[in-house]
file entry-v7.pdb (PDB, C-alpha atoms and all ligand atoms)
ATOM      1  CA  MET A 282     -17.359   9.992   5.841
ATOM      2  CA  ASN A 283     -13.748  10.896   5.074
ATOM      3  CA  PRO A 284     -13.429  10.020   1.337
ATOM      4  CA  ASN A 285     -10.004   8.435   1.874
ATOM      5  CA  GLN A 286     -11.505   6.032   4.435
ATOM      6  CA  ALA A 287     -14.585   5.427   2.266
ATOM      7  CA  LEU A 288     -12.377   4.481  -0.706
ATOM      8  CA  TRP A 289     -10.625   1.705   1.230
ATOM      9  CA  GLU A 290     -13.675   0.475   3.152
ATOM     10  CA  LYS A 291     -15.651   0.258  -0.067
ATOM     11  CA  GLY A 292     -14.158  -2.987  -1.281
ATOM     12  CA  ASP A 293     -12.236  -5.733   0.449
ATOM     13  CA  PHE A 294      -8.505  -5.307   0.019
ATOM     14  CA  THR A 295      -7.903  -8.669   1.743
ATOM     15  CA  ARG A 296      -8.910 -10.289  -1.585
ATOM     16  CA  ILE A 297      -6.028  -8.540  -3.380
ATOM     17  CA  ALA A 298      -3.613  -8.852  -0.450
ATOM     18  CA  ALA A 299      -3.924 -12.637  -0.713
ATOM     19  CA  SER A 300      -1.884 -12.404  -3.937
ATOM     20  CA  MET A 301       0.839 -10.317  -2.258
ATOM     21  CA  ARG A 302       1.802 -12.458   0.758
ATOM     22  CA  ALA A 303       4.998 -14.016  -0.614
ATOM     23  CA  SER A 304       6.440 -10.648  -1.627
ATOM     24  CA  GLY A 305       5.449  -9.190   1.745
ATOM     25  CA  GLU A 306       7.344 -11.980   3.540
ATOM     26  CA  GLU A 307      10.337 -11.503   1.281
ATOM     27  CA  LEU A 308      10.449  -7.751   1.837
ATOM     28  CA  VAL A 309      10.184  -8.125   5.607
ATOM     29  CA  GLY A 310      13.066 -10.609   5.436
ATOM     30  CA  THR A 311      15.299  -7.790   4.163
ATOM     31  CA  LEU A 312      14.534  -5.409   7.033
ATOM     32  CA  GLY A 313      16.804  -6.900   9.700
ATOM     33  CA  ILE A 314      13.948  -7.157  12.225
ATOM     34  CA  THR A 315      15.067  -8.541  15.587
ATOM     35  CA  PRO A 316      12.927  -9.994  18.401
ATOM     36  CA  GLY A 317      11.486  -7.271  20.605
ATOM     37  CA  ALA A 318      11.927  -4.499  18.029
ATOM     38  CA  LYS A 319       9.059  -2.035  18.095
ATOM     39  CA  VAL A 320       7.522  -1.887  14.624
ATOM     40  CA  LEU A 321       4.710   0.278  13.272
ATOM     41  CA  ASP A 322       3.097  -0.791   9.979
ATOM     42  CA  LEU A 323       1.164   2.177   8.577
ATOM     43  CA  GLY A 324      -1.589   1.574   6.048
ATOM     44  CA  CYS A 325      -1.056  -2.055   6.988
ATOM     45  CA  GLY A 326      -4.171  -3.566   5.405
ATOM     46  CA  ASP A 327      -4.758  -7.011   6.905
ATOM     47  CA  GLY A 328      -1.089  -7.502   7.706
ATOM     48  CA  THR A 329       0.812  -8.617   4.619
ATOM     49  CA  THR A 330       3.973  -7.137   6.150
ATOM     50  CA  ALA A 331       2.826  -6.817   9.789
ATOM     51  CA  VAL A 332       2.309 -10.601  10.160
ATOM     52  CA  PRO A 333       5.805 -11.635   8.981
ATOM     53  CA  ALA A 334       7.327  -8.846  11.120
ATOM     54  CA  ALA A 335       5.495 -10.266  14.167
ATOM     55  CA  LYS A 336       6.590 -13.804  13.256
ATOM     56  CA  ARG A 337      10.165 -12.546  13.591
ATOM     57  CA  GLY A 338       9.392 -11.643  17.205
ATOM     58  CA  ALA A 339       8.892  -7.901  16.803
ATOM     59  CA  ASP A 340       6.280  -6.071  18.827
ATOM     60  CA  VAL A 341       4.075  -4.884  15.963
ATOM     61  CA  LEU A 342       1.292  -2.325  15.730
ATOM     62  CA  GLY A 343      -0.630  -2.107  12.466
ATOM     63  CA  VAL A 344      -2.505   1.133  11.801
ATOM     64  CA  ASP A 345      -4.989   1.503   8.966
ATOM     65  CA  ILE A 346      -7.785   3.920   8.086
ATOM     66  CA  ALA A 347     -10.168   1.115   7.024
ATOM     67  CA  ARG A 348     -12.076  -0.547   9.885
ATOM     68  CA  ASN A 349     -12.789  -3.696   7.873
ATOM     69  CA  LEU A 350      -9.050  -4.208   7.328
ATOM     70  CA  VAL A 351      -8.216  -3.513  10.980
ATOM     71  CA  ASP A 352     -10.766  -6.186  11.940
ATOM     72  CA  ALA A 353      -9.369  -8.605   9.352
ATOM     73  CA  GLY A 354      -5.837  -7.996  10.646
ATOM     74  CA  ASN A 355      -6.836  -8.620  14.277
ATOM     75  CA  ARG A 356      -8.588 -11.824  13.187
ATOM     76  CA  ARG A 357      -5.429 -13.029  11.423
ATOM     77  CA  ALA A 358      -3.294 -12.178  14.469
ATOM     78  CA  ARG A 359      -5.668 -14.196  16.704
ATOM     79  CA  GLU A 360      -5.811 -17.141  14.333
ATOM     80  CA  LEU A 361      -2.027 -17.192  14.056
ATOM     81  CA  GLY A 362      -1.631 -16.894  17.845
ATOM     82  CA  LEU A 363       0.488 -13.746  17.494
ATOM     83  CA  ALA A 364       0.017 -11.959  20.824
ATOM     84  CA  ASN A 365       2.735  -9.476  19.786
ATOM     85  CA  LEU A 366       0.654  -8.130  16.881
ATOM     86  CA  ARG A 367      -2.329  -5.816  17.069
ATOM     87  CA  PHE A 368      -4.157  -3.560  14.667
ATOM     88  CA  GLN A 369      -5.962  -0.295  15.308
ATOM     89  CA  GLN A 370      -7.675   2.312  13.221
ATOM     90  CA  GLY A 371      -5.787   5.514  12.490
ATOM     91  CA  ASP A 372      -4.885   8.030   9.850
ATOM     92  CA  ALA A 373      -1.285   8.230   8.637
ATOM     93  CA  SER A 374      -1.582  11.993   8.338
ATOM     94  CA  ASP A 375      -2.486  12.389  12.015
ATOM     95  CA  LEU A 376      -1.148   9.752  14.421
ATOM     96  CA  ALA A 377      -2.351  11.629  17.497
ATOM     97  CA  ASP A 378      -2.746   8.370  19.491
ATOM     98  CA  LEU A 379       0.922   7.469  19.115
ATOM     99  CA  ALA A 380       3.688   8.913  21.270
ATOM    100  CA  SER A 381       6.739  10.536  19.694
ATOM    101  CA  ARG A 382       9.988   8.550  19.250
ATOM    102  CA  THR A 383       8.337   5.180  19.924
ATOM    103  CA  PHE A 384       9.244   2.847  17.043
ATOM    104  CA  ASP A 385      12.517   1.306  15.892
ATOM    105  CA  LEU A 386      11.010   0.745  12.468
ATOM    106  CA  VAL A 387       8.074   2.312  10.676
ATOM    107  CA  ILE A 388       7.042   0.368   7.560
ATOM    108  CA  SER A 389       4.519   1.538   5.038
ATOM    109  CA  ILE A 390       4.177  -0.606   1.940
ATOM    110  CA  PHE A 391       1.752   0.977  -0.537
ATOM    111  CA  GLY A 392      -0.058   2.332   2.524
ATOM    112  CA  ALA A 393       0.782   5.869   3.694
ATOM    113  CA  MET A 394       1.202   6.873   0.046
ATOM    114  CA  PHE A 395      -2.611   6.813  -0.158
ATOM    115  CA  ALA A 396      -3.162   9.183   2.788
ATOM    116  CA  PRO A 397      -3.976  12.807   2.090
ATOM    117  CA  LYS A 398      -1.613  15.608   3.194
ATOM    118  CA  PRO A 399       1.738  14.019   2.301
ATOM    119  CA  PHE A 400       3.801  16.577   4.231
ATOM    120  CA  ASP A 401       1.838  15.730   7.394
ATOM    121  CA  VAL A 402       2.357  12.009   6.679
ATOM    122  CA  ALA A 403       6.146  12.461   6.473
ATOM    123  CA  LYS A 404       6.128  14.571   9.649
ATOM    124  CA  GLU A 405       4.099  11.989  11.555
ATOM    125  CA  MET A 406       6.261   9.066  10.406
ATOM    126  CA  VAL A 407       9.403  10.915  11.514
ATOM    127  CA  ARG A 408       7.821  11.998  14.817
ATOM    128  CA  VAL A 409       6.905   8.470  15.940
ATOM    129  CA  THR A 410      10.277   6.952  14.936
ATOM    130  CA  ARG A 411      12.927   6.887  17.638
ATOM    131  CA  THR A 412      16.285   8.529  16.992
ATOM    132  CA  GLY A 413      18.460   5.891  15.314
ATOM    133  CA  GLY A 414      15.358   4.170  13.910
ATOM    134  CA  ARG A 415      14.259   3.750  10.292
ATOM    135  CA  ILE A 416      11.302   4.380   8.054
ATOM    136  CA  VAL A 417      10.827   2.072   5.054
ATOM    137  CA  MET A 418       8.197   2.922   2.469
ATOM    138  CA  GLY A 419       7.162   1.082  -0.680
ATOM    139  CA  ASN A 420       5.558   3.424  -3.199
ATOM    140  CA  TRP A 421       4.215   2.814  -6.687
ATOM    141  CA  ILE A 422       5.909   4.896  -9.372
ATOM    142  CA  PRO A 423       3.951   7.214 -11.673
ATOM    143  CA  ASN A 424       4.012   6.190 -15.337
ATOM    144  CA  ASP A 425       5.931   3.024 -14.570
ATOM    145  CA  PRO A 426       4.978   0.438 -17.190
ATOM    146  CA  THR A 427       4.364  -2.339 -14.621
ATOM    147  CA  LEU A 428       1.021  -3.506 -13.268
ATOM    148  CA  VAL A 429      -0.125  -1.332 -10.378
ATOM    149  CA  ALA A 430       1.046   1.989 -11.825
ATOM    150  CA  GLN A 431      -0.878   1.054 -14.974
ATOM    151  CA  ILE A 432      -4.012   0.022 -13.043
ATOM    152  CA  LEU A 433      -4.002   3.307 -11.123
ATOM    153  CA  LYS A 434      -3.311   5.385 -14.237
ATOM    154  CA  ILE A 435      -6.037   3.722 -16.308
ATOM    155  CA  SER A 436      -8.508   3.796 -13.375
ATOM    156  CA  ALA A 437      -7.858   7.531 -12.788
ATOM    157  CA  ALA A 438      -8.535   8.264 -16.454
ATOM    158  CA  TYR A 439     -12.063   6.830 -16.113
ATOM    159  CA  SER A 440     -12.801   8.228 -12.623
ATOM    160  CA  PRO A 441     -14.381  11.610 -11.855
ATOM    161  CA  PRO A 442     -11.782  14.400 -11.491
ATOM    162  CA  PRO A 443     -10.400  14.564  -7.933
ATOM    163  CA  PRO A 444     -11.351  17.504  -5.704
ATOM    164  CA  GLU A 445      -9.426  20.764  -5.886
ATOM    165  CA  GLY A 446      -6.112  20.545  -4.028
ATOM    166  CA  PHE A 447      -5.920  16.723  -4.212
ATOM    167  CA  VAL A 448      -2.320  15.483  -4.279
ATOM    168  CA  SER A 449      -1.885  12.259  -6.244
ATOM    169  CA  PRO A 450      -0.621   9.303  -4.148
ATOM    170  CA  MET A 451       1.704   8.544  -7.055
ATOM    171  CA  THR A 452       3.803  11.613  -6.175
ATOM    172  CA  TRP A 453       5.262   9.394  -3.396
ATOM    173  CA  GLY A 454       6.958   7.500  -6.219
ATOM    174  CA  VAL A 455       8.967  10.557  -7.301
ATOM    175  CA  GLU A 456      12.309  10.794  -5.495
ATOM    176  CA  SER A 457      12.512  14.611  -5.470
ATOM    177  CA  GLN A 458       9.055  14.855  -3.870
ATOM    178  CA  VAL A 459       9.920  12.259  -1.242
ATOM    179  CA  VAL A 460      13.091  14.198  -0.382
ATOM    180  CA  GLU A 461      11.122  17.430  -0.143
ATOM    181  CA  ARG A 462       8.604  15.874   2.263
ATOM    182  CA  PHE A 463      11.145  14.258   4.583
ATOM    183  CA  THR A 464      13.511  17.243   4.621
ATOM    184  CA  ALA A 465      10.508  19.418   5.553
ATOM    185  CA  ALA A 466      10.029  16.947   8.452
ATOM    186  CA  GLY A 467      13.606  17.649   9.594
ATOM    187  CA  VAL A 468      15.528  14.725   8.043
ATOM    188  CA  PRO A 469      18.749  15.668   6.198
ATOM    189  CA  GLY A 470      18.647  14.668   2.527
ATOM    190  CA  ASP A 471      21.642  12.329   2.849
ATOM    191  CA  ARG A 472      19.619  10.129   5.241
ATOM    192  CA  ILE A 473      17.084   9.289   2.553
ATOM    193  CA  ALA A 474      17.933   6.382   0.238
ATOM    194  CA  PHE A 475      16.124   4.943  -2.765
ATOM    195  CA  ALA A 476      16.035   1.601  -4.537
ATOM    196  CA  ARG A 477      13.785  -0.056  -7.103
ATOM    197  CA  ASN A 478      12.296  -3.330  -5.880
ATOM    198  CA  THR A 479       9.713  -5.780  -7.196
ATOM    199  CA  TYR A 480       6.480  -7.136  -5.722
ATOM    200  CA  THR A 481       4.963 -10.132  -7.456
ATOM    201  CA  PHE A 482       1.203 -10.658  -7.598
ATOM    202  CA  ALA A 483       0.705 -14.417  -7.383
ATOM    203  CA  TYR A 484      -2.838 -15.650  -7.973
ATOM    204  CA  PRO A 485      -4.169 -19.211  -8.270
ATOM    205  CA  ALA A 486      -6.268 -18.449 -11.367
ATOM    206  CA  PRO A 487      -5.788 -16.865 -14.817
ATOM    207  CA  PRO A 488      -5.010 -13.112 -15.147
ATOM    208  CA  ALA A 489      -8.617 -12.279 -16.096
ATOM    209  CA  GLU A 490      -9.692 -13.536 -12.657
ATOM    210  CA  LEU A 491      -7.123 -11.389 -10.886
ATOM    211  CA  LEU A 492      -8.486  -8.426 -12.844
ATOM    212  CA  ALA A 493     -12.001  -9.476 -11.783
ATOM    213  CA  ALA A 494     -10.829  -9.365  -8.156
ATOM    214  CA  PHE A 495      -9.509  -5.820  -8.659
ATOM    215  CA  ARG A 496     -12.838  -4.871 -10.277
ATOM    216  CA  ALA A 497     -14.867  -6.317  -7.399
ATOM    217  CA  TYR A 498     -12.692  -5.478  -4.381
ATOM    218  CA  TYR A 499     -10.062  -2.745  -5.032
ATOM    219  CA  GLY A 500     -11.488   0.729  -4.216
ATOM    220  CA  PRO A 501      -9.765   2.734  -6.984
ATOM    221  CA  THR A 502     -10.739   0.197  -9.681
ATOM    222  CA  MET A 503     -14.291  -0.142  -8.289
ATOM    223  CA  ASN A 504     -14.744   3.641  -8.508
ATOM    224  CA  ALA A 505     -13.384   3.682 -12.068
ATOM    225  CA  PHE A 506     -15.846   0.967 -13.143
ATOM    226  CA  GLU A 507     -18.755   2.777 -11.470
ATOM    227  CA  ALA A 508     -17.927   5.973 -13.365
ATOM    228  CA  ALA A 509     -17.298   4.060 -16.606
ATOM    229  CA  GLU A 510     -20.660   2.275 -16.273
ATOM    230  CA  ARG A 511     -22.405   5.638 -15.909
ATOM    231  CA  ASP A 512     -20.624   6.809 -19.081
ATOM    232  CA  GLY A 513     -21.280   3.570 -20.988
ATOM    233  CA  ARG A 514     -17.519   2.894 -21.099
ATOM    234  CA  ALA A 515     -17.196  -0.131 -18.794
ATOM    235  CA  ALA A 516     -16.304  -2.535 -21.612
ATOM    236  CA  GLU A 517     -13.639  -0.134 -22.868
ATOM    237  CA  LEU A 518     -12.161   0.148 -19.362
ATOM    238  CA  ALA A 519     -12.187  -3.645 -18.914
ATOM    239  CA  LYS A 520     -10.355  -4.092 -22.227
ATOM    240  CA  GLU A 521      -7.763  -1.451 -21.412
ATOM    241  CA  LEU A 522      -7.103  -2.941 -17.968
ATOM    242  CA  ASN A 523      -6.940  -6.469 -19.296
ATOM    243  CA  GLU A 524      -3.911  -5.630 -21.464
ATOM    244  CA  PRO A 525      -1.285  -5.236 -18.708
ATOM    245  CA  PHE A 526      -2.729  -8.203 -16.768
ATOM    246  CA  VAL A 527      -2.246 -10.494 -19.761
ATOM    247  CA  ALA A 528       0.933  -8.985 -21.238
ATOM    248  CA  GLN A 529       2.798  -8.918 -17.912
ATOM    249  CA  ASN A 530       1.807 -12.353 -16.665
ATOM    250  CA  ARG A 531       4.963 -14.480 -16.316
ATOM    251  CA  SER A 532       3.320 -17.707 -15.194
ATOM    252  CA  PRO A 533       3.868 -20.599 -17.608
ATOM    253  CA  ARG A 534       0.639 -22.222 -16.334
ATOM    254  CA  ALA A 535      -2.790 -21.346 -17.715
ATOM    255  CA  ASP A 536      -4.427 -21.631 -14.289
ATOM    256  CA  GLU A 537      -2.034 -19.317 -12.415
ATOM    257  CA  THR A 538      -0.968 -15.692 -12.581
ATOM    258  CA  SER A 539       2.380 -14.222 -11.630
ATOM    259  CA  ILE A 540       2.882 -10.540 -12.369
ATOM    260  CA  PRO A 541       5.929  -8.617 -11.143
ATOM    261  CA  ALA A 542       5.456  -4.919 -10.383
ATOM    262  CA  THR A 543       8.178  -2.361  -9.735
ATOM    263  CA  PHE A 544       8.066   0.021  -6.778
ATOM    264  CA  LEU A 545      10.226   2.695  -5.210
ATOM    265  CA  ARG A 546      11.679   1.605  -1.895
ATOM    266  CA  VAL A 547      12.447   4.549   0.359
ATOM    267  CA  THR A 548      14.625   4.143   3.451
ATOM    268  CA  VAL A 549      14.892   7.045   5.867
ATOM    269  CA  SER A 550      17.381   6.928   8.751
ATOM    270  CA  VAL A 551      15.982   9.058  11.540
TER     271      VAL A 551
HETATM  272  C1  LIG B 601      -2.862  -0.854  -1.319
HETATM  273  S1  LIG B 601      -3.382  -1.127   0.335
HETATM  274  C2  LIG B 601      -1.878  -1.808   1.051
HETATM  275  C3  LIG B 601      -2.101  -2.521   2.339
HETATM  276  C4  LIG B 601      -0.888  -3.210   2.953
HETATM  277  N1  LIG B 601       0.179  -2.303   3.278
HETATM  278  C5  LIG B 601      -0.391  -4.316   2.069
HETATM  279  O1  LIG B 601       0.757  -4.230   1.604
HETATM  280  O2  LIG B 601      -1.146  -5.260   1.850
HETATM  281  C6  LIG B 601      -3.442   0.513   0.961
HETATM  282  C7  LIG B 601      -3.778   0.579   2.422
HETATM  283  O3  LIG B 601      -3.600   1.898   2.921
HETATM  284  C8  LIG B 601      -4.654   2.192   3.798
HETATM  285  N2  LIG B 601      -4.793   3.651   3.904
HETATM  286  C9  LIG B 601      -5.214   4.508   2.956
HETATM  287  N3  LIG B 601      -5.204   5.755   3.436
HETATM  288  C10 LIG B 601      -4.773   5.687   4.725
HETATM  289  C11 LIG B 601      -4.574   6.640   5.745
HETATM  290  N4  LIG B 601      -4.859   7.928   5.577
HETATM  291  N5  LIG B 601      -4.100   6.233   6.944
HETATM  292  C12 LIG B 601      -3.875   4.904   7.166
HETATM  293  N6  LIG B 601      -4.061   3.953   6.238
HETATM  294  C13 LIG B 601      -4.504   4.332   5.027
HETATM  295  C14 LIG B 601      -5.844   1.510   3.144
HETATM  296  O4  LIG B 601      -6.934   1.341   4.005
HETATM  297  C15 LIG B 601      -5.224   0.198   2.688
HETATM  298  O5  LIG B 601      -5.256  -0.782   3.678
END
call {"tool": "encode", "arguments": {"input": "entry-v7.pdb", "output": "structure tokens", "more": "lines below"}}
Ligand SMILES: C[S@@+](CC[C@H](N)C(=O)[O-])C[C@H]1O[C@@H](n2cnc3c(N)ncnc32)[C@H](O)[C@@H]1O
result
Amino acid sequence: MNPNQALWEKGDFTRIAASMRASGEELVGTLGITPGAKVLDLGCGDGTTAVPAAKRGADVLGVDIARNLVDAGNRRARELGLANLRFQQGDASDLADLASRTFDLVISIFGAMFAPKPFDVAKEMVRVTRTGGRIVMGNWIPNDPTLVAQILKISAAYSPPPPEGFVSPMTWGVESQVVERFTAAGVPGDRIAFARNTYTFAYPAPPAELLAAFRAYYGPTMNAFEAAERDGRAAELAKELNEPFVAQNRSPRADETSIPATFLRVTVSV
């Protein structure tokens, strides 16, 4: 199986996404979505941003490489009675099923950054956006001191080396690389804007339990623990990961976790 798909089908990202719903709602609230707008959410997971976009009356398609998350998203849409929201499987680097110039807004929050072939991803996002439409990406930032960049950095250090030619997803958090990818897709540089925003991981249990959820359900962390167990380094990895979870927790309550994480928000006017 495609290793990118296998990575995300391995665990159950819905268990992590549950801690990201409030920030997803908040972000969608800043996008100026109007009823009837055609929205594509790429690498949508089970709909943390697709659901609030549909609740605003947009006609939303969620596309994700992981079949378990597509199924989970369609279940949520059904349960919420959102007939204007559907999910289908697809790869952000090849959206062959989608017609050109279709969407008013293409969102990808920590989604398309994980697809291989970043230049193809930028080209596909631009292709399916209508002229006058927008692309909004949320990308984790390499070496940022906040939670997810640290999880991914620590996990990578314990994981087997990636295959030859692998481009790190974190390069989507570097402005110059983002500009290079979208200009190669035909967008002038002055139509690409950047901002730093925050997502907060809110979990109804102590930080160690949120870390346990990452260990059990988040593909990149699961792979790191598997490799660390083979090398007899699992305890070392757990200790190293525990540090940012504890140090960055802002909740005053012992039975709750609230960890803010910084990301690069990219807005492209097509
Ligand atoms: C960190 S999760 C974020 C999910 C969702 N956007 C959210 O905010 O909850 C990354 C998502 O990207 C999806 N993904 C990874 N590679 C992809 C690809 N090539 N094409 C489409 N989706 C992909 C994964 O399956 C996963 O759902």
call {"tool": "residues_near_ligand", "arguments": {"input": "entry-v7.pdb", "ligand": "ligand LIG 601 (chain B)", "cutoff": "6 Å", "atoms": "all atoms listed in the file", "output": "JSON, numbers by chain"}}
result
{"A": [285, 289, 298, 323, 324, 325, 326, 329, 345, 346, 347, 371, 372, 373, 374, 390, 391, 392, 393, 395, 396]}
call {"tool": "atom_distance", "arguments": {"input": "entry-v7.pdb", "atom1": "atom CA of A:Leu308", "atom2": "atom CA of A:Ala331"}}
result
11.1 Å
call {"tool": "resolve_selection", "arguments": {"input": "entry-v7.pdb", "expression": "the PyMOL selection byres (((chain A and resi 425) around 10) and not hetatm)", "output": "PDB file with C-alpha atoms, in the coordinates of the input"}}
result
ATOM      1  CA  TRP A 421       4.215   2.814  -6.687  1.00  0.00           C
ATOM      2  CA  ILE A 422       5.909   4.896  -9.372  1.00  0.00           C
ATOM      3  CA  PRO A 423       3.951   7.214 -11.673  1.00  0.00           C
ATOM      4  CA  ASN A 424       4.012   6.190 -15.337  1.00  0.00           C
ATOM      5  CA  PRO A 426       4.978   0.438 -17.190  1.00  0.00           C
ATOM      6  CA  THR A 427       4.364  -2.339 -14.621  1.00  0.00           C
ATOM      7  CA  LEU A 428       1.021  -3.506 -13.268  1.00  0.00           C
ATOM      8  CA  VAL A 429      -0.125  -1.332 -10.378  1.00  0.00           C
ATOM      9  CA  ALA A 430       1.046   1.989 -11.825  1.00  0.00           C
ATOM     10  CA  GLN A 431      -0.878   1.054 -14.974  1.00  0.00           C
ATOM     11  CA  LYS A 434      -3.311   5.385 -14.237  1.00  0.00           C
ATOM     12  CA  GLY A 454       6.958   7.500  -6.219  1.00  0.00           C
ATOM     13  CA  ALA A 542       5.456  -4.919 -10.383  1.00  0.00           C
ATOM     14  CA  THR A 543       8.178  -2.361  -9.735  1.00  0.00           C
ATOM     15  CA  PHE A 544       8.066   0.021  -6.778  1.00  0.00           C
TER      16      PHE A 544
END
call {"tool": "resolve_selection", "arguments": {"input": "entry-v7.pdb", "expression": "the PyMOL selection byres (((chain A and resi 482) around 10) and not hetatm)", "output": "tab-separated table (two decimals) with C-alpha atoms, in the frame of the given file"}}
result
chain	number	residue	atom	x	y	z
A	297	ILE	CA	-6.03	-8.54	-3.38
A	298	ALA	CA	-3.61	-8.85	-0.45
A	299	ALA	CA	-3.92	-12.64	-0.71
A	300	SER	CA	-1.88	-12.40	-3.94
A	301	MET	CA	0.84	-10.32	-2.26
A	302	ARG	CA	1.80	-12.46	0.76
A	303	ALA	CA	5.00	-14.02	-0.61
A	304	SER	CA	6.44	-10.65	-1.63
A	428	LEU	CA	1.02	-3.51	-13.27
A	429	VAL	CA	-0.12	-1.33	-10.38
A	479	THR	CA	9.71	-5.78	-7.20
A	480	TYR	CA	6.48	-7.14	-5.72
A	481	THR	CA	4.96	-10.13	-7.46
A	483	ALA	CA	0.70	-14.42	-7.38
A	484	TYR	CA	-2.84	-15.65	-7.97
A	491	LEU	CA	-7.12	-11.39	-10.89
A	530	ASN	CA	1.81	-12.35	-16.66
A	538	THR	CA	-0.97	-15.69	-12.58
A	539	SER	CA	2.38	-14.22	-11.63
A	540	ILE	CA	2.88	-10.54	-12.37
A	541	PRO	CA	5.93	-8.62	-11.14
A	542	ALA	CA	5.46	-4.92	-10.38
call {"tool": "residues_around", "arguments": {"input": "entry-v7.pdb", "residues": "A:Val341", "least_positions_apart": "3", "cutoff": "10 Å", "atoms": "only C-alpha atoms", "output": "list in words"}}
result
Gly317, Ala318, Lys319, Val320, Leu321, Asp322, Ala331, Val332, Pro333, Ala334, Ala335, Lys336, Gly338, Val344, Leu363, Ala364, Asn365, Leu366, Arg367, Phe368, Phe384, Leu386 and Val387 of chain A
call {"tool": "closest_residue", "arguments": {"input": "entry-v7.pdb", "among": "A:Gly328, A:Phe447, A:Ser389, A:Thr548", "to": "A:Leu361", "atoms": "all atoms listed in the file"}}
result
A:Gly328
call {"tool": "atom_distance", "arguments": {"input": "entry-v7.pdb", "atom1": "atom CA of A:Leu376", "atom2": "atom CA of A:Gly305"}}
result
23.7 Å
call {"tool": "atom_distance", "arguments": {"input": "entry-v7.pdb", "atom1": "atom CA of A:Phe526", "atom2": "atom CA of A:Ser436"}}
result
13.7 Å
call {"tool": "resolve_selection", "arguments": {"input": "entry-v7.pdb", "expression": "the PyMOL selection byres (((chain A and resi 547) around 9) and not hetatm)", "output": "PDB file with C-alpha atoms, keeping the file's coordinate frame"}}
result
ATOM      1  CA  ILE A 416      11.302   4.380   8.054  1.00  0.00           C
ATOM      2  CA  VAL A 417      10.827   2.072   5.054  1.00  0.00           C
ATOM      3  CA  MET A 418       8.197   2.922   2.469  1.00  0.00           C
ATOM      4  CA  GLY A 419       7.162   1.082  -0.680  1.00  0.00           C
ATOM      5  CA  ASN A 420       5.558   3.424  -3.199  1.00  0.00           C
ATOM      6  CA  GLU A 456      12.309  10.794  -5.495  1.00  0.00           C
ATOM      7  CA  VAL A 459       9.920  12.259  -1.242  1.00  0.00           C
ATOM      8  CA  ILE A 473      17.084   9.289   2.553  1.00  0.00           C
ATOM      9  CA  ALA A 474      17.933   6.382   0.238  1.00  0.00           C
ATOM     10  CA  PHE A 475      16.124   4.943  -2.765  1.00  0.00           C
ATOM     11  CA  ALA A 476      16.035   1.601  -4.537  1.00  0.00           C
ATOM     12  CA  ARG A 477      13.785  -0.056  -7.103  1.00  0.00           C
ATOM     13  CA  LEU A 545      10.226   2.695  -5.210  1.00  0.00           C
ATOM     14  CA  ARG A 546      11.679   1.605  -1.895  1.00  0.00           C
ATOM     15  CA  THR A 548      14.625   4.143   3.451  1.00  0.00           C
ATOM     16  CA  VAL A 549      14.892   7.045   5.867  1.00  0.00           C
TER      17      VAL A 549
END
call {"tool": "residues_around", "arguments": {"input": "entry-v7.pdb", "residues": "stretch 510-517 of chain A", "least_positions_apart": "3", "cutoff": "12 Å", "atoms": "only C-alpha atoms", "output": "list in words"}}
result
Ile435, Ser436, Ala438, Tyr439, Ser440, Pro441, Arg496, Thr502, Met503, Asn504, Ala505, Phe506, Glu507, Lys520, Glu521, Leu522, Asn523 and Glu524 of chain A
call {"tool": "closest_residue", "arguments": {"input": "entry-v7.pdb", "among": "A:Asp385, A:Glu445, A:Glu290, A:Asp352", "to": "A:Pro316", "atoms": "all atoms listed in the file"}}
result
A:Asp385
call {"tool": "closest_residue", "arguments": {"input": "entry-v7.pdb", "among": "A:Pro487, A:Asp293, A:Ala494, A:Arg337", "to": "A:Leu312", "atoms": "only C-alpha atoms"}}
result
A:Arg337
call {"tool": "closest_residue", "arguments": {"input": "entry-v7.pdb", "among": "A:Ala535, A:Ala380, A:Ala519, A:Ala403", "to": "A:Gln458", "atoms": "all atoms listed in the file"}}
result
A:Ala403
call {"tool": "residues_around", "arguments": {"input": "entry-v7.pdb", "residues": "A:Thr412", "least_positions_apart": "6", "cutoff": "9 Å", "atoms": "all atoms listed in the file", "output": "list in words"}}
result
Arg382, Asp385, Ser550 and Val551 of chain A
call {"tool": "build_atoms", "arguments": {"input": "entry-v7.pdb", "residues": "stretch 349-355 of chain A", "atoms": "N, CA and C atoms", "output": "PDB file, in the coordinates of the input"}}
result
ATOM      1  N   ASN A 349     -12.655  -2.287   8.274  1.00  0.00           N
ATOM      2  CA  ASN A 349     -12.789  -3.696   7.873  1.00  0.00           C
ATOM      3  C   ASN A 349     -11.409  -4.372   7.809  1.00  0.00           C
ATOM      4  N   LEU A 350     -10.387  -3.606   7.427  1.00  0.00           N
ATOM      5  CA  LEU A 350      -9.050  -4.208   7.328  1.00  0.00           C
ATOM      6  C   LEU A 350      -8.408  -4.353   8.704  1.00  0.00           C
ATOM      7  N   VAL A 351      -8.689  -3.398   9.588  1.00  0.00           N
ATOM      8  CA  VAL A 351      -8.216  -3.513  10.980  1.00  0.00           C
ATOM      9  C   VAL A 351      -8.822  -4.780  11.610  1.00  0.00           C
ATOM     10  N   ASP A 352     -10.109  -4.989  11.390  1.00  0.00           N
ATOM     11  CA  ASP A 352     -10.766  -6.186  11.940  1.00  0.00           C
ATOM     12  C   ASP A 352     -10.163  -7.459  11.338  1.00  0.00           C
ATOM     13  N   ALA A 353      -9.940  -7.423  10.026  1.00  0.00           N
ATOM     14  CA  ALA A 353      -9.369  -8.605   9.352  1.00  0.00           C
ATOM     15  C   ALA A 353      -7.963  -8.889   9.883  1.00  0.00           C
ATOM     16  N   GLY A 354      -7.192  -7.832  10.119  1.00  0.00           N
ATOM     17  CA  GLY A 354      -5.837  -7.996  10.646  1.00  0.00           C
ATOM     18  C   GLY A 354      -5.871  -8.601  12.046  1.00  0.00           C
ATOM     19  N   ASN A 355      -6.754  -8.077  12.903  1.00  0.00           N
ATOM     20  CA  ASN A 355      -6.836  -8.620  14.277  1.00  0.00           C
ATOM     21  C   ASN A 355      -7.290 -10.073  14.273  1.00  0.00           C
TER      22      ASN A 355
END
